file input_14.cif (mmCIF, C-alpha atoms)
data_model
loop_
_atom_site.label_atom_id
_atom_site.label_comp_id
_atom_site.auth_asym_id
_atom_site.auth_seq_id
_atom_site.Cartn_x
_atom_site.Cartn_y
_atom_site.Cartn_z
CA MET A 21 48.46 9.95 -4.66
CA LYS A 22 45.65 7.85 -6.13
CA ILE A 23 43.25 9.23 -3.53
CA LEU A 24 44.21 12.81 -4.42
CA GLY A 25 43.77 11.97 -8.09
CA ILE A 26 40.23 10.69 -7.50
CA ALA A 27 39.27 13.83 -5.56
CA LEU A 28 40.81 16.07 -8.22
CA LEU A 29 39.02 14.22 -11.01
CA ILE A 30 35.63 14.61 -9.30
CA LEU A 31 36.34 18.30 -8.59
CA VAL A 32 37.42 19.05 -12.17
CA VAL A 33 34.35 17.30 -13.63
CA LEU A 34 31.99 19.17 -11.32
CA ILE A 35 33.59 22.59 -11.77
CA SER A 36 33.46 22.08 -15.57
CA PHE A 37 29.80 21.12 -15.22
CA SER A 38 29.11 24.23 -13.14
CA LEU A 39 30.78 26.40 -15.82
CA TYR A 40 28.73 24.66 -18.51
CA VAL A 41 25.49 25.39 -16.64
CA ASP A 42 26.49 29.05 -16.23
CA VAL A 43 27.35 29.49 -19.90
CA THR A 44 24.50 27.48 -21.42
CA PHE A 45 21.53 28.14 -19.18
CA LEU A 46 22.28 31.38 -17.40
CA HIS A 47 23.98 32.95 -20.47
CA VAL A 48 27.06 34.15 -18.55
CA SER A 49 30.25 34.48 -20.62
CA LEU A 50 32.93 31.85 -19.96
CA THR A 51 35.40 34.44 -18.62
CA ASN A 52 32.85 35.80 -16.16
CA SER A 53 31.83 32.32 -15.20
CA ILE A 54 35.46 31.36 -14.38
CA LYS A 55 35.79 34.61 -12.42
CA ASN A 56 32.62 33.73 -10.47
CA VAL A 57 34.04 30.34 -9.55
CA LEU A 58 37.40 31.73 -8.40
CA ASN A 59 36.20 34.94 -6.76
CA PRO A 60 35.00 33.48 -3.41
CA PHE A 61 38.46 32.00 -2.87
CA ILE A 62 40.30 35.21 -3.84
CA VAL A 63 38.39 37.51 -1.51
CA MET A 64 38.64 35.30 1.58
CA ASP A 65 39.28 36.79 5.05
CA SER A 66 42.30 35.59 7.00
CA VAL A 67 40.10 33.29 9.13
CA GLU A 68 38.50 31.72 6.06
CA LEU A 69 41.90 31.35 4.45
CA PHE A 70 43.26 29.66 7.57
CA ILE A 71 40.38 27.13 7.58
CA PHE A 72 40.79 26.55 3.85
CA VAL A 73 44.55 25.91 4.19
CA LEU A 74 43.86 23.61 7.16
CA PHE A 75 41.48 21.55 5.00
CA LEU A 76 44.05 21.41 2.19
CA PHE A 77 46.69 20.31 4.69
CA PHE A 78 44.50 17.43 5.92
CA LEU A 79 43.87 16.55 2.30
CA VAL A 80 47.51 16.42 1.27
CA ALA A 81 49.18 15.28 4.52
CA PRO A 82 48.21 11.54 4.44
CA SER A 83 49.29 11.12 0.82
CA LEU A 84 52.53 12.99 1.49
CA THR A 85 53.42 10.96 4.59
CA SER A 86 52.71 7.64 2.84
CA TYR A 87 54.87 8.80 -0.10
CA ILE A 88 57.76 9.74 2.22
CA ARG A 89 57.40 6.45 4.11
CA LYS A 90 57.55 4.48 0.86
CA ARG A 91 60.66 6.38 -0.25
CA LYS A 92 62.34 5.74 3.11
CA LYS A 93 61.50 2.04 2.87
CA GLY A 94 62.91 1.93 -0.64
CA SER A 95 66.19 3.62 0.35
CA ASN A 96 66.54 1.31 3.41
CA ASN A 97 66.09 -1.74 1.19
CA GLU A 98 68.73 -0.41 -1.22
CA LYS A 99 71.18 0.09 1.66
CA LYS A 100 70.54 -3.47 2.89
CA GLN A 101 71.13 -4.87 -0.59
CA GLN A 102 74.40 -2.90 -0.92
CA GLN A 103 75.74 -4.31 2.38
CA PRO A 104 77.65 -7.58 1.78
CA MET B 11 31.72 -2.37 0.44
CA GLU B 12 31.90 -1.84 4.18
CA LYS B 13 31.11 -4.92 6.30
CA ALA B 14 28.13 -3.49 8.15
CA LYS B 15 24.43 -4.16 8.57
CA ILE B 16 21.47 -1.92 9.35
CA ASN B 17 17.96 -2.98 10.31
CA ALA B 18 14.67 -2.01 8.68
CA TYR B 19 13.83 0.64 11.29
CA GLN B 20 17.19 2.33 10.76
CA LEU B 21 16.60 2.34 7.00
CA PHE B 22 13.14 3.84 7.59
CA VAL B 23 14.59 6.58 9.79
CA LEU B 24 17.35 7.37 7.30
CA ILE B 25 14.90 7.69 4.40
CA VAL B 26 12.53 9.92 6.41
CA LEU B 27 15.25 12.28 7.67
CA PHE B 28 16.92 12.29 4.24
CA GLU B 29 13.70 13.21 2.45
CA LEU B 30 12.67 15.87 4.95
CA GLY B 31 16.22 17.30 5.00
CA SER B 32 16.30 20.33 2.74
CA ALA B 33 12.66 19.93 1.64
CA LEU B 34 11.58 21.48 4.95
CA MET B 35 13.57 24.60 4.15
CA VAL B 36 12.41 25.67 0.70
CA PRO B 37 8.96 26.50 -0.75
CA LEU B 38 7.89 23.21 -2.37
CA ALA B 39 5.75 23.12 -5.52
CA ILE B 40 4.59 26.72 -5.08
CA GLU B 41 4.36 27.05 -8.89
CA ALA B 42 0.97 25.32 -8.45
CA LYS B 43 -0.09 28.08 -5.99
CA GLN B 44 -2.71 26.90 -3.45
CA ASP B 45 -2.64 23.37 -4.93
CA ALA B 46 0.98 22.85 -3.84
CA TRP B 47 -0.07 20.33 -1.18
CA LEU B 48 -1.83 18.29 -3.89
CA VAL B 49 1.30 18.41 -6.08
CA ILE B 50 3.32 16.96 -3.21
CA LEU B 51 0.82 14.12 -2.72
CA ILE B 52 0.91 13.27 -6.45
CA GLY B 53 4.70 13.62 -6.42
CA MET B 54 4.74 11.17 -3.52
CA GLY B 55 2.86 8.69 -5.74
CA GLY B 56 5.55 9.15 -8.38
CA GLY B 57 8.21 8.73 -5.69
CA LEU B 58 6.65 5.42 -4.61
CA PHE B 59 6.73 4.24 -8.24
CA LEU B 60 10.39 5.26 -8.59
CA TYR B 61 11.23 3.43 -5.36
CA LEU B 62 9.63 0.28 -6.77
CA ILE B 63 12.00 0.58 -9.77
CA TYR B 64 15.01 0.92 -7.47
CA TYR B 65 13.72 -1.95 -5.34
CA SER B 66 13.33 -4.17 -8.42
CA LEU B 67 16.98 -3.55 -9.30
CA TYR B 68 17.91 -4.38 -5.69
CA TYR B 69 15.81 -7.55 -5.97
CA TYR B 70 17.94 -8.72 -8.91
CA TYR B 71 21.23 -7.77 -7.20
CA PRO B 72 20.61 -7.82 -3.42
CA ASP B 73 24.24 -7.99 -2.28
CA ILE B 74 25.89 -5.27 -4.33
CA PRO B 75 25.47 -1.48 -4.55
CA SER B 76 24.26 0.28 -7.70
CA THR B 77 27.77 1.34 -8.80
CA GLU B 78 28.61 -2.36 -9.00
CA TYR B 79 25.45 -3.76 -10.63
CA VAL B 80 25.56 -1.05 -13.26
CA GLN B 81 28.80 -2.67 -14.42
CA LYS B 82 27.17 -6.10 -14.45
CA ILE B 83 24.19 -4.86 -16.43
CA MET B 84 25.88 -2.51 -18.91
CA GLY B 85 29.28 -4.16 -19.22
CA THR B 86 32.50 -3.03 -17.55
CA THR B 87 33.43 0.04 -19.61
CA LEU B 88 30.02 1.67 -20.03
CA GLY B 89 29.02 0.54 -16.54
CA ARG B 90 32.07 2.20 -15.01
CA ILE B 91 31.36 5.44 -16.83
CA ILE B 92 27.74 5.47 -15.61
CA ALA B 93 28.84 4.55 -12.08
CA PHE B 94 31.39 7.38 -12.10
CA PHE B 95 28.70 9.86 -13.14
CA TYR B 96 26.50 8.60 -10.31
CA VAL B 97 29.33 9.27 -7.85
CA VAL B 98 29.77 12.75 -9.31
CA TYR B 99 25.99 13.30 -9.11
CA PHE B 100 25.92 12.38 -5.40
CA VAL B 101 28.84 14.73 -4.64
CA TYR B 102 27.12 17.51 -6.61
CA LEU B 103 23.87 17.09 -4.67
CA ALA B 104 25.74 17.03 -1.34
CA ALA B 105 27.43 20.31 -2.31
CA ARG B 106 24.11 21.88 -3.31
CA VAL B 107 22.43 20.87 -0.04
CA LEU B 108 25.40 22.23 1.91
CA ARG B 109 25.24 25.54 0.03
CA ASN B 110 21.50 25.81 0.60
CA PHE B 111 21.96 25.22 4.31
CA GLY B 112 24.84 27.71 4.55
CA GLU B 113 22.84 30.38 2.72
CA MET B 114 19.92 29.82 5.07
CA LEU B 115 22.09 30.33 8.17
CA VAL B 116 23.84 33.39 6.69
CA THR B 117 20.53 34.97 5.66
CA PHE B 118 18.65 34.32 8.85
CA ALA B 119 20.93 33.72 11.81
CA TYR B 120 24.59 34.64 11.17
CA PRO B 121 24.80 37.60 8.77
CA GLU B 122 28.35 38.49 9.85
CA THR B 123 29.78 34.96 9.52
CA PRO B 124 31.29 34.00 6.17
CA LEU B 125 29.46 31.30 4.23
CA PHE B 126 32.66 29.29 3.93
CA VAL B 127 33.06 29.03 7.71
CA ILE B 128 29.47 27.83 8.23
CA ASN B 129 29.81 25.24 5.47
CA ALA B 130 33.19 24.13 6.83
CA LEU B 131 31.75 23.59 10.32
CA LEU B 132 28.97 21.32 9.04
CA ILE B 133 31.24 19.40 6.69
CA VAL B 134 33.69 18.67 9.54
CA LEU B 135 30.82 17.09 11.48
CA VAL B 136 29.72 15.10 8.45
CA ILE B 137 33.30 13.95 7.72
CA TYR B 138 33.56 12.65 11.29
CA THR B 139 30.24 10.77 11.07
CA VAL B 140 30.86 9.29 7.63
CA ARG B 141 34.32 8.11 8.70
CA LYS B 142 32.64 6.05 11.43
CA GLY B 143 30.55 4.18 8.86
CA ILE B 144 26.93 3.46 7.97
CA GLU B 145 26.10 1.78 11.29
CA VAL B 146 27.04 4.88 13.30
CA LEU B 147 25.21 7.09 10.80
CA SER B 148 22.02 5.07 11.11
CA ARG B 149 22.21 4.94 14.91
CA THR B 150 22.69 8.71 14.93
CA GLY B 151 19.64 8.88 12.67
CA GLU B 152 17.63 6.81 15.15
CA PHE B 153 18.50 9.23 17.94
CA LEU B 154 17.80 12.32 15.83
CA PHE B 155 14.49 10.90 14.55
CA VAL B 156 13.02 10.97 18.06
CA PHE B 157 14.11 14.58 18.40
CA MET B 158 12.74 15.50 14.98
CA SER B 159 9.39 13.82 15.75
CA PHE B 160 9.12 15.81 18.97
CA LEU B 161 9.88 19.04 17.10
CA LEU B 162 7.32 18.36 14.35
CA ILE B 163 4.53 17.28 16.74
CA SER B 164 5.03 20.15 19.20
CA ALA B 165 5.34 22.70 16.38
CA SER B 166 2.08 21.43 14.85
CA ILE B 167 0.31 21.73 18.21
CA LEU B 168 1.61 25.28 18.66
CA VAL B 169 0.51 26.33 15.15
CA VAL B 170 -2.99 24.91 15.72
CA VAL B 171 -3.32 26.36 19.22
CA GLY B 172 -1.98 29.72 17.99
CA GLY B 173 -5.09 30.03 15.81
CA ILE B 174 -3.19 31.36 12.80
CA ILE B 175 -4.50 28.82 10.27
CA ASP B 176 -6.94 30.24 7.71
CA SER B 177 -8.12 27.38 5.50
CA ASN B 178 -9.71 29.87 3.05
CA ASN B 179 -6.18 30.49 1.72
CA LEU B 180 -6.25 26.94 0.32
CA ARG B 181 -9.29 27.65 -1.87
CA PRO B 182 -10.19 27.34 -4.69
CA ILE B 183 -8.83 23.85 -5.27
CA LEU B 184 -7.72 23.15 -8.86
CA ALA B 185 -8.76 26.65 -9.96
CA ASP B 186 -6.71 26.39 -13.18
CA GLY B 187 -7.44 22.70 -13.73
CA ILE B 188 -5.15 19.72 -13.27
CA GLN B 189 -2.60 20.80 -15.92
CA PRO B 190 -0.45 23.19 -13.79
CA VAL B 191 -0.48 20.61 -10.99
CA MET B 192 0.79 17.82 -13.24
CA LYS B 193 3.33 20.15 -14.86
CA THR B 194 4.78 21.04 -11.45
CA VAL B 195 4.89 17.37 -10.47
CA LEU B 196 6.74 16.37 -13.66
CA MET B 197 9.07 19.38 -13.79
CA HIS B 198 10.01 19.67 -10.12
CA ASN B 199 8.34 17.74 -7.37
CA LEU B 200 8.85 14.19 -8.58
CA TYR B 201 12.63 14.69 -8.50
CA PHE B 202 12.99 16.84 -5.42
CA PRO B 203 12.65 15.44 -2.82
CA PHE B 204 11.08 12.09 -3.79
CA GLY B 205 13.32 10.92 -6.64
CA GLU B 206 16.41 11.55 -4.58
CA VAL B 207 15.73 8.17 -2.92
CA VAL B 208 17.85 6.81 -5.79
CA VAL B 209 20.72 7.29 -3.35
CA PHE B 210 19.39 4.35 -1.33
CA THR B 211 20.25 1.93 -4.16
CA MET B 212 23.72 2.18 -2.60
CA ILE B 213 22.48 1.58 0.96
CA LEU B 214 19.88 -1.19 0.47
CA PRO B 215 22.56 -3.95 0.31
CA TYR B 216 23.42 -3.15 3.94
CA LEU B 217 19.93 -4.11 5.08
CA ASN B 218 20.03 -7.21 7.28
CA ARG B 219 16.61 -8.52 6.15
CA SER B 220 16.20 -7.86 2.46
CA GLU B 221 12.51 -8.90 2.44
CA LYS B 222 11.70 -5.77 4.47
CA ALA B 223 13.27 -3.32 1.98
CA LYS B 224 10.13 -2.81 -0.10
CA ARG B 225 7.69 -2.18 2.72
CA THR B 226 10.10 0.00 4.71
CA GLY B 227 10.95 2.22 1.75
CA LEU B 228 7.34 2.66 0.67
CA MET B 229 6.24 3.48 4.22
CA ALA B 230 9.04 6.02 4.67
CA ILE B 231 8.29 7.80 1.38
CA GLY B 232 4.55 7.76 2.18
CA LEU B 233 5.14 9.31 5.60
CA CYS B 234 7.44 11.99 4.14
CA GLY B 235 4.88 12.84 1.46
CA LEU B 236 2.16 13.27 4.06
CA ILE B 237 4.36 15.39 6.35
CA LEU B 238 5.59 17.64 3.52
CA SER B 239 2.08 18.02 2.10
CA LEU B 240 0.74 18.95 5.54
CA ILE B 241 3.54 21.45 6.15
CA THR B 242 2.97 23.07 2.75
CA ALA B 243 -0.78 23.27 3.37
CA VAL B 244 -0.16 24.88 6.77
CA ASN B 245 2.35 27.35 5.25
CA ILE B 246 -0.15 28.41 2.59
CA SER B 247 -3.06 28.63 4.99
CA VAL B 248 -1.05 30.74 7.45
CA LEU B 249 0.87 33.00 5.07
CA GLY B 250 -1.18 32.91 1.85
CA VAL B 251 0.07 31.94 -1.62
CA SER B 252 1.64 35.32 -2.38
CA LEU B 253 3.82 35.41 0.72
CA VAL B 254 4.85 31.74 0.43
CA SER B 255 5.95 32.20 -3.18
CA ARG B 256 8.02 35.28 -2.24
CA SER B 257 9.50 33.77 0.92
CA GLN B 258 12.83 31.93 0.76
CA TYR B 259 12.01 29.91 3.87
CA PRO B 260 8.21 29.75 4.29
CA LEU B 261 8.28 27.33 7.22
CA LEU B 262 10.43 29.81 9.13
CA SER B 263 7.96 32.61 8.36
CA THR B 264 5.09 30.40 9.55
CA ILE B 265 6.82 29.53 12.81
CA GLN B 266 7.69 33.21 13.38
CA THR B 267 3.99 34.08 13.31
CA VAL B 268 3.15 31.66 16.14
CA GLU B 269 2.19 33.41 19.36
CA VAL B 270 0.54 31.42 22.12
CA ALA B 271 -0.76 32.96 25.37
CA GLY B 272 1.28 36.11 24.81
CA PHE B 273 4.60 34.59 25.83
CA LEU B 274 5.29 31.53 23.59
CA GLU B 275 6.69 33.31 20.55
CA ARG B 276 9.84 33.63 18.39
CA LEU B 277 10.08 29.87 17.96
CA ASP B 278 12.69 30.19 15.19
CA VAL B 279 14.87 27.67 16.97
CA TYR B 280 12.34 24.94 16.03
CA PHE B 281 12.99 25.59 12.36
CA VAL B 282 16.77 25.76 12.75
CA LEU B 283 16.96 22.54 14.77
CA ALA B 284 14.74 20.62 12.33
CA VAL B 285 16.72 21.86 9.34
CA VAL B 286 20.11 21.18 10.95
CA ILE B 287 19.05 17.58 11.73
CA GLY B 288 17.59 16.95 8.27
CA VAL B 289 20.41 18.58 6.32
CA PHE B 290 23.07 16.81 8.39
CA VAL B 291 21.56 13.39 7.61
CA LYS B 292 21.01 14.29 3.96
CA ILE B 293 24.58 15.44 3.35
CA ALA B 294 25.95 12.49 5.33
CA VAL B 295 23.97 9.99 3.21
CA PHE B 296 25.03 11.62 -0.09
CA PHE B 297 28.61 11.81 1.16
CA TYR B 298 28.68 8.20 2.35
CA VAL B 299 27.33 6.75 -0.91
CA ALA B 300 29.68 8.92 -2.98
CA MET B 301 32.61 7.69 -0.90
CA GLU B 302 31.60 4.02 -1.12
CA GLY B 303 30.89 4.36 -4.83
CA ALA B 304 34.27 5.96 -5.53
CA ALA B 305 36.06 3.34 -3.40
CA ASN B 306 34.27 0.58 -5.29
CA LEU B 307 34.92 2.12 -8.69
CA PHE B 308 38.60 2.95 -8.21
CA ALA B 309 39.37 -0.19 -6.15
CA VAL B 310 40.35 1.69 -2.99
CA LYS B 311 40.62 -0.94 -0.23
CA GLU B 312 39.93 1.36 2.73
CA SER B 313 37.07 3.63 1.71
CA ALA B 314 37.66 5.76 4.84
CA ARG B 315 40.78 7.16 3.14
CA LEU B 316 38.47 8.97 0.73
CA VAL B 317 36.53 10.77 3.46
CA VAL B 318 38.65 13.92 3.75
CA PRO B 319 39.30 14.34 0.00
CA ILE B 320 35.61 14.04 -0.90
CA GLY B 321 34.69 16.29 2.05
CA VAL B 322 37.05 18.98 0.73
CA VAL B 323 35.60 18.59 -2.78
CA ILE B 324 32.06 19.03 -1.41
CA LEU B 325 33.15 22.10 0.58
CA ILE B 326 34.94 23.76 -2.36
CA LEU B 327 32.07 22.98 -4.70
CA SER B 328 29.46 24.30 -2.27
CA ILE B 329 31.17 27.70 -2.58
CA ALA B 330 31.98 27.53 -6.30
CA VAL B 331 28.63 26.17 -7.52
CA ALA B 332 27.02 29.62 -7.72
CA SER B 333 28.22 33.17 -7.16
CA ASN B 334 25.13 34.24 -5.20
CA PHE B 335 21.88 32.85 -3.83
CA SER B 336 19.66 34.05 -6.68
CA GLU B 337 21.95 32.33 -9.21
CA PHE B 338 21.87 29.21 -7.06
CA PHE B 339 18.06 29.31 -6.97
CA GLN B 340 17.77 29.96 -10.72
CA GLU B 341 20.06 27.03 -11.48
CA GLU B 342 18.09 24.77 -9.18
CA HIS B 343 14.74 25.58 -10.78
CA ARG B 344 15.65 26.05 -14.41
CA PHE B 345 18.26 23.36 -14.78
CA VAL B 346 18.94 20.90 -11.96
CA HIS B 347 15.42 19.61 -11.32
CA PHE B 348 14.76 18.57 -14.89
CA TYR B 349 18.07 18.14 -16.70
CA VAL B 350 20.14 16.63 -13.87
CA HIS B 351 17.60 14.70 -11.80
CA LEU B 352 15.55 13.24 -14.64
CA PRO B 353 18.32 11.15 -16.25
CA PHE B 354 19.82 9.93 -12.97
CA GLN B 355 16.57 9.26 -11.12
CA VAL B 356 14.25 8.08 -13.88
CA ILE B 357 15.77 7.37 -17.30
CA ILE B 358 18.90 5.40 -16.34
CA PRO B 359 17.21 3.26 -13.62
CA ILE B 360 14.31 2.34 -15.97
CA PHE B 361 16.78 1.49 -18.71
CA LEU B 362 18.86 -0.61 -16.28
CA LEU B 363 15.75 -2.40 -15.03
CA ILE B 364 14.67 -3.36 -18.56
CA ILE B 365 18.12 -4.80 -19.37
CA ALA B 366 18.37 -6.51 -15.96
CA PHE B 367 14.93 -8.06 -16.51
CA PHE B 368 15.92 -9.62 -19.85
CA LYS B 369 19.35 -10.69 -18.58
CA ASN B 370 17.89 -12.40 -15.52
CA ARG B 371 15.09 -14.01 -17.53
CA LYS B 372 17.71 -15.55 -19.82
CA LYS B 373 19.63 -16.79 -16.78
CA SER B 374 16.59 -18.34 -15.13
CA LYS B 375 15.62 -20.01 -18.41
CA GLY B 376 19.19 -21.30 -18.86
#

call {"tool": "encode", "arguments": {"input": "input_14.cif", "output": "structure tokens"}}
result
Amino acid sequence: MKILGIALLILVVLISFSLYVDVTFLHVSLTNSIKNVLNPFIVMDSVELFIFVLFLFFLVAPSLTSYIRKRKKGSNNEKKQQQP
Amino acid sequence: MEKAKINAYQLFVLIVLFELGSALMVPLAIEAKQDAWLVILIGMGGGLFLYLIYYSLYYYYPDIPSTEYVQKIMGTTLGRIIAFFYVVYFVYLAARVLRNFGEMLVTFAYPETPLFVINALLIVLVIYTVRKGIEVLSRTGEFLFVFMSFLLISASILVVVGGIIDSNNLRPILADGIQPVMKTVLMHNLYFPFGEVVVFTMILPYLNRSEKAKRTGLMAIGLCGLILSLITAVNISVLGVSLVSRSQYPLLSTIQTVEVAGFLERLDVYFVLAVVIGVFVKIAVFFYVAMEGAANLFAVKESARLVVPIGVVILILSIAVASNFSEFFQEEHRFVHFYVHLPFQVIIPIFLLIIAFFKNRKKSKG
């Protein structure tokens, strides 16, 4: 989860920076600037979407598996403690 | 920090390929018209000076990367903030280089392929390389350097033999005086590509013989300056100032005009191969230092775990950074060169060096 948090933090900072550059230096309105950022992801073809989802899967999968593993370990330990 | 070592030659190769990377693609310093080659040479001088600043910081802290010595110099809180912004800066530059490369391929070679797919393909390759570590990256660089040298030398021979060079296009020299030349150096050329060597403040600690860092870096920057200046001079002398300033990829246009003995023509592949090699190394270096910096800053034990997340961030950002190529280009020229590069490449390092100097003088006196 920490890893995902780091990536998300960097992404949010950089997207905000990109919006700031659009609004301040290129004089685009904030609404249009947000639309410009989101538009390439909205109009994706099926192939692009597939690749994008694949990347997101590889991004989330390791964190998710380690989270599930930790939960399993935790529940196993609880069971062991409950046994006399 | 990864437990790895690179030698001086590998550092030299990395700096050369990194500097040539995207600089080969775009028209450099064309604001100075036919004096662009001179701007690059002066910019190279500035780049050598900046490298000496980075080297001096490395001299004070030879075993730790810049994200770590920033914290020692500025204190933990402020140092961490600055280090975080450096990581963000490296990711941002990697995304910009990736976008530039993708746009080039879409414009010139694959008009039907979506930009996202092209960028994704390159970032997968970079993710794989960066995951293997700095040693593999530098050995890959060694291999690619030979290939790049062959491309540059043979392309130069073909351009000369083709008889397309008209040196009159380079005249008059300094027609409008030295002012436009110096303005272009200070507004653009000092930062791109020469100031980007700031990234090597994160890689210098991996060097196995620290006494060779200064000479190797200076030689690499000098060689890059000469190559880029020569390429720009050739572009202008073949195409003329007007065409170079209107062309998105002047080196490509130059290579397309080569025709030797009536059958050696359409050598576009030379340009594509050189750019792919340079851009690959450039993105990989930015990516690697961003990953190591983030791992160091957020105390992630295995930095390799950050490879895919940062790769995805770079990919998403490369698409989101601008809605079209003209916006991307406008941003680059009007904003990034001066307002983004200047603080990270010049102001902060000079400030850090001054504080490090006084801190270390106190220590040595004590």

call {"tool": "residues_around", "arguments": {"input": "input_14.cif", "residues": "Leu74 in chain A", "least_positions_apart": "6", "cutoff": "12 Å", "atoms": "all atoms listed in the file", "output": "JSON, numbers by chain"}}
result
{"A": [67, 68, 80, 81], "B": [130, 134, 318, 322]}

call {"tool": "interface_residues", "arguments": {"input": "input_14.cif", "of": "chain B", "to": "chain A", "cutoff": "9 Å", "atoms": "all atoms listed in the file", "output": "compact mmCIF listing (two decimals) with C-alpha atoms, in the coordinates of the input"}}
result
# COMPACT_ATOMS: atom_id res chain seq x y z
CA PHE B 94 31.39 7.38 -12.10
CA VAL B 97 29.33 9.27 -7.85
CA VAL B 98 29.77 12.75 -9.31
CA TYR B 99 25.99 13.30 -9.11
CA VAL B 101 28.84 14.73 -4.64
CA TYR B 102 27.12 17.51 -6.61
CA PRO B 124 31.29 34.00 6.17
CA PHE B 126 32.66 29.29 3.93
CA VAL B 127 33.06 29.03 7.71
CA ALA B 130 33.19 24.13 6.83
CA ALA B 304 34.27 5.96 -5.53
CA PHE B 308 38.60 2.95 -8.21
CA VAL B 310 40.35 1.69 -2.99
CA ARG B 315 40.78 7.16 3.14
CA LEU B 316 38.47 8.97 0.73
CA VAL B 318 38.65 13.92 3.75
CA PRO B 319 39.30 14.34 0.00
CA ILE B 320 35.61 14.04 -0.90
CA VAL B 322 37.05 18.98 0.73
CA VAL B 323 35.60 18.59 -2.78
CA ILE B 324 32.06 19.03 -1.41
CA ILE B 326 34.94 23.76 -2.36
CA LEU B 327 32.07 22.98 -4.70
CA ILE B 329 31.17 27.70 -2.58
CA ALA B 330 31.98 27.53 -6.30
CA VAL B 331 28.63 26.17 -7.52
CA ALA B 332 27.02 29.62 -7.72
CA SER B 333 28.22 33.17 -7.16
CA GLU B 337 21.95 32.33 -9.21
CA GLN B 340 17.77 29.96 -10.72
CA GLU B 341 20.06 27.03 -11.48
CA ARG B 344 15.65 26.05 -14.41
CA PHE B 345 18.26 23.36 -14.78

call {"tool": "resolve_selection", "arguments": {"input": "input_14.cif", "expression": "the PyMOL selection byres ((chain B and resi 192-204) around 6)", "output": "VMD selection string"}}
result
chain B and resid 29 49 53 57 189 to 191 205 to 206 347 to 348 351

call {"tool": "write_last_selection", "arguments": {"input": "input_14.cif", "atoms": "C-alpha atoms", "output": "PDB file, in the frame of the given file"}}
result
ATOM      1  CA  GLU B  29      13.700  13.210   2.450  1.00  0.00           C
ATOM      2  CA  VAL B  49       1.300  18.410  -6.080  1.00  0.00           C
ATOM      3  CA  GLY B  53       4.700  13.620  -6.420  1.00  0.00           C
ATOM      4  CA  GLY B  57       8.210   8.730  -5.690  1.00  0.00           C
ATOM      5  CA  GLN B 189      -2.600  20.800 -15.920  1.00  0.00           C
ATOM      6  CA  PRO B 190      -0.450  23.190 -13.790  1.00  0.00           C
ATOM      7  CA  VAL B 191      -0.480  20.610 -10.990  1.00  0.00           C
ATOM      8  CA  GLY B 205      13.320  10.920  -6.640  1.00  0.00           C
ATOM      9  CA  GLU B 206      16.410  11.550  -4.580  1.00  0.00           C
ATOM     10  CA  HIS B 347      15.420  19.610 -11.320  1.00  0.00           C
ATOM     11  CA  PHE B 348      14.760  18.570 -14.890  1.00  0.00           C
ATOM     12  CA  HIS B 351      17.600  14.700 -11.800  1.00  0.00           C
TER      13      HIS B 351
END

call {"tool": "resolve_selection", "arguments": {"input": "input_14.cif", "expression": "the PyMOL selection byres ((chain B and resi 241) around 10)", "output": "list of chain:residue names"}}
result
B:Leu34, B:Leu38, B:Trp47, B:Leu162, B:Ser166, B:Gly235, B:Leu236, B:Ile237, B:Leu238, B:Ser239, B:Leu240, B:Thr242, B:Ala243, B:Val244, B:Asn245, B:Ile246, B:Ser247, B:Pro260, B:Leu261, B:Thr264

call {"tool": "closest_residue", "arguments": {"input": "input_14.cif", "among": "B:Leu88, B:Leu115, B:Ile287, B:Ile52", "to": "Leu362 in chain B", "atoms": "all atoms listed in the file"}}
result
B:Leu88

call {"tool": "residues_around", "arguments": {"input": "input_14.cif", "residues": "Asn178 in chain B", "least_positions_apart": "2", "cutoff": "12 Å", "atoms": "all atoms listed in the file", "output": "VMD selection string"}}
result
chain B and resid 44 174 to 176 180 to 183 243 to 244 246 to 251

call {"tool": "atom_distance", "arguments": {"input": "input_14.cif", "atom1": "CA of Val291 in chain B", "atom2": "CA of Thr150 in chain B"}}
result
8.8 Å

call {"tool": "residues_near_point", "arguments": {"input": "input_14.cif", "point": "(17.4, 11.2, 2.1)", "cutoff": "12 Å", "atoms": "all atoms listed in the file", "output": "ChimeraX atom specification"}}
result
/B:21-33,100,103-104,107,148,151,202-213,227,230-231,234,287-299

call {"tool": "residues_around", "arguments": {"input": "input_14.cif", "residues": "Lys15 in chain B", "least_positions_apart": "3", "cutoff": "7 Å", "atoms": "all atoms listed in the file", "output": "number ranges by chain"}}
result
B: 145, 216-218

call {"tool": "write_last_selection", "arguments": {"input": "input_14.cif", "atoms": "C-alpha atoms", "output": "JSON list (two decimals), in the frame of the given file"}}
result
[["chain", "number", "residue", "atom", "x", "y", "z"],
["B", 145, "GLU", "CA", 26.10, 1.78, 11.29],
["B", 216, "TYR", "CA", 23.42, -3.15, 3.94],
["B", 217, "LEU", "CA", 19.93, -4.11, 5.08],
["B", 218, "ASN", "CA", 20.03, -7.21, 7.28]]

call {"tool": "residues_around", "arguments": {"input": "input_14.cif", "residues": "Ile163 in chain B", "least_positions_apart": "3", "cutoff": "12 Å", "atoms": "only C-alpha atoms", "output": "MDAnalysis selection string"}}
result
chainID B and resid 156:160 166:170 237 240:241 280 284

call {"tool": "residues_around", "arguments": {"input": "input_14.cif", "residues": "Arg219 in chain B", "least_positions_apart": "5", "cutoff": "12 Å", "atoms": "all atoms listed in the file", "output": "list in words"}}
result
Lys15, Ile16, Asn17, Ala18, Tyr19, Gln20, Leu21, Pro72, Asp73, Leu214, Lys224, Arg225 and Thr226 of chain B
